[in-house]
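A short worksheet on the structure shown next.
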Amino acid sequence: MIFATSPESVHVRAPGKINVFLGVGERHEDGYHALATVFQAVSLYEDVIARHADDFSITVSGVDDADAVPLDDRNLAMRAAKLLATAAEYRGGVALEIRKNVPVAGGMGGGSADAAAALVACDALWGTGFSLARLHELAARLGADVPFALHGGTAVGTGRGDQLNPALARGRFDWVLVTSDEGLSTPVVYGRLDALRDEEGALADDPPLSLEVPIPVLQALRSGDPHQLAETLFNDLQAAAVYERPDLADTIRLGVRAGALHGIVSGSGPTVALLCAGPEIAQEVQSILRESGLDPLHVHGPVPGARIIS
Ligand code: ATP
């Protein structure tokens with residue numbers, strides 16, 4: 001394969017996500033759950049800078065606990081770079097610098113954003129020239145949330161969340177995110193959901209759930225009206241996340257009392273996403289929650305997916 005002359009470094013920015021709606025079906029034999037979800041990319045970004053190198057390496061900044069993010073093949077960005085190298089028959093390596101803003105293990109797909117950014121960065125650095133469709137295919141092999149981080153915006157995800165269809169979302173939605181110092185493990189939360197369902201006998205005798213995103217969710221997104229969207233926010237993983245972290249329910253209550261329209265646990269948590277009627281109210285909610293000793297961030301969505309900055 002012939003590669004065009006390439007830049008010295010490539011800087012890509014990719015967004016974290018919120019699941020505005022997350023329906024979880026029964027566990028498949030391979031351990032995965034069927035999902036029907038609506039992702040929204042929000043203005044909290046991961047930055048990945050790729051530089052030429054003979055080998056593959058990663059440095060990470062922006063995390064309090066250096067051990068929280070693996071620097072080897074367990075890192076999704078490393079896996080993304082190697083997968084692209086194999087697919088493109090590229091013989092060199094890359095030095096990836098990851099500047100994290102999305103909380104680690106926060107249910108906001110930070111690792112997936114790093115992987116999507118690494119795919120786009122290495123593609124540009126190496127002059128691979130893969131189409132977006134080809135990058136999407138590689139992204140889906142890396143993890144269910146990676147294709148969404150590539151595309152951004154607002155999208156419906158089915159299957160494992162990786163079969164994406166863009167959803168029309170008008171305007172801008174203001175969110176206050178409450179992050180936690182301590183992450184929640186995604187497999188632990190799904191395991192808890194299974195256990196809770198077993199206890200309750202839920203789903204056991206039911207026909208497979210019709211895993212579709214309810215029409216009112218899509219209508220609310222199309223309307224651009226946060227009041228409408230607030231009424232349709234839903235997360236099947238919330239009870240399991242709250243079981244593991246009961247304080248999350250308090251955070252949602254506090255956020256609503258401070259002026260948010262509604263709140264949900266984002267993905268598998270523990271980040272809580274509070275939907276606000278507009279930017280001013282979001283700022284107010286943010287400062288009230290900060291006074292309560294929490295760590296709130298004001299973000300907005302939808303925003304674009306992984307993009308080359310320079
Ligand atoms: P998921 O995408 O599984 O829902 P999440 O969004 O809650 O996860 P992430 O920050 O993406 O959380 O990472 C979850 C785990 O994946 C981390 O605890 C870490 O061990 C591992 N990991 C692998 N690559 C990365 C990365 N680039 N950034 C952060 N964590 C990573």
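Every chain in the structure tokens takes a letter, A first, then B, and so on in the order presented; its residues are numbered from 1, and the ligands are numbered from 1 following the presented order.
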Worksheet item: Please, which residues have at least one atom within 6 Å of an atom of ligand 1, using only C-alpha atoms and all ligand atoms, listed as a VMD selection string?
Response: chain A and resid 68 to 70 74 to 77 104 to 112 114 186
Discussion item. With only C-alpha atoms as the counted atoms, please give the residues lying no more than 8 Å from segment 153-167 of chain A, apart from itself and same-chain residues fewer than 3 positions off, as number ranges by chain.
Written reply: A: 32-41, 140, 143-148, 211-213, 218, 221, 301-305
Item to complete: Could you find all residues in segment 57-259 of chain A that DSSP calls strand (DSSP E) from the backbone, and write them as a ChimeraX atom specification?
Response: /A:57-61,93-99,154-159,163-166,173-178,234-235
Worksheet entry | Computed interatomic separation between atom CA of Ala50 of chain A and atom CA of Val12 of chain A (Å) | 8.3 Å
Worksheet item: Can you list, as an MDAnalysis selection string, every residue of segment 59-133 of chain A that DSSP puts in helix (DSSP H, G or I)?
Response: chainID A and resid 66:68 76:88 110:126 132:133
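For the pair atom CA of Ala282 of chain A and atom CA of Ala306 of chain A, the interatomic distance is 25.5 Å.
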Fill in: Long-range neighbours of Ala241 of chain A as a PyMOL selection string, 9 Å cut-off, only C-alpha atoms, 2 positions minimum in chain
chain A and resi 184+188-190+192-193+237-239+243-246+248+265+268-270
Discussion item. Can you measure atom CA of Thr179 of chain A to atom CA of Lys100 of chain A for me? One decimal in Å is fine.
Written reply: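 Atom CA of Lys100 of chain A lies at a distance of 13.7 Å from atom CA of Thr179 of chain A.
Using only C-alpha atoms, the smallest distance between any of A:Arg134, A:Arg197, A:Lys82, A:Arg172 and Phe56 of chain A comes from A:Lys82.
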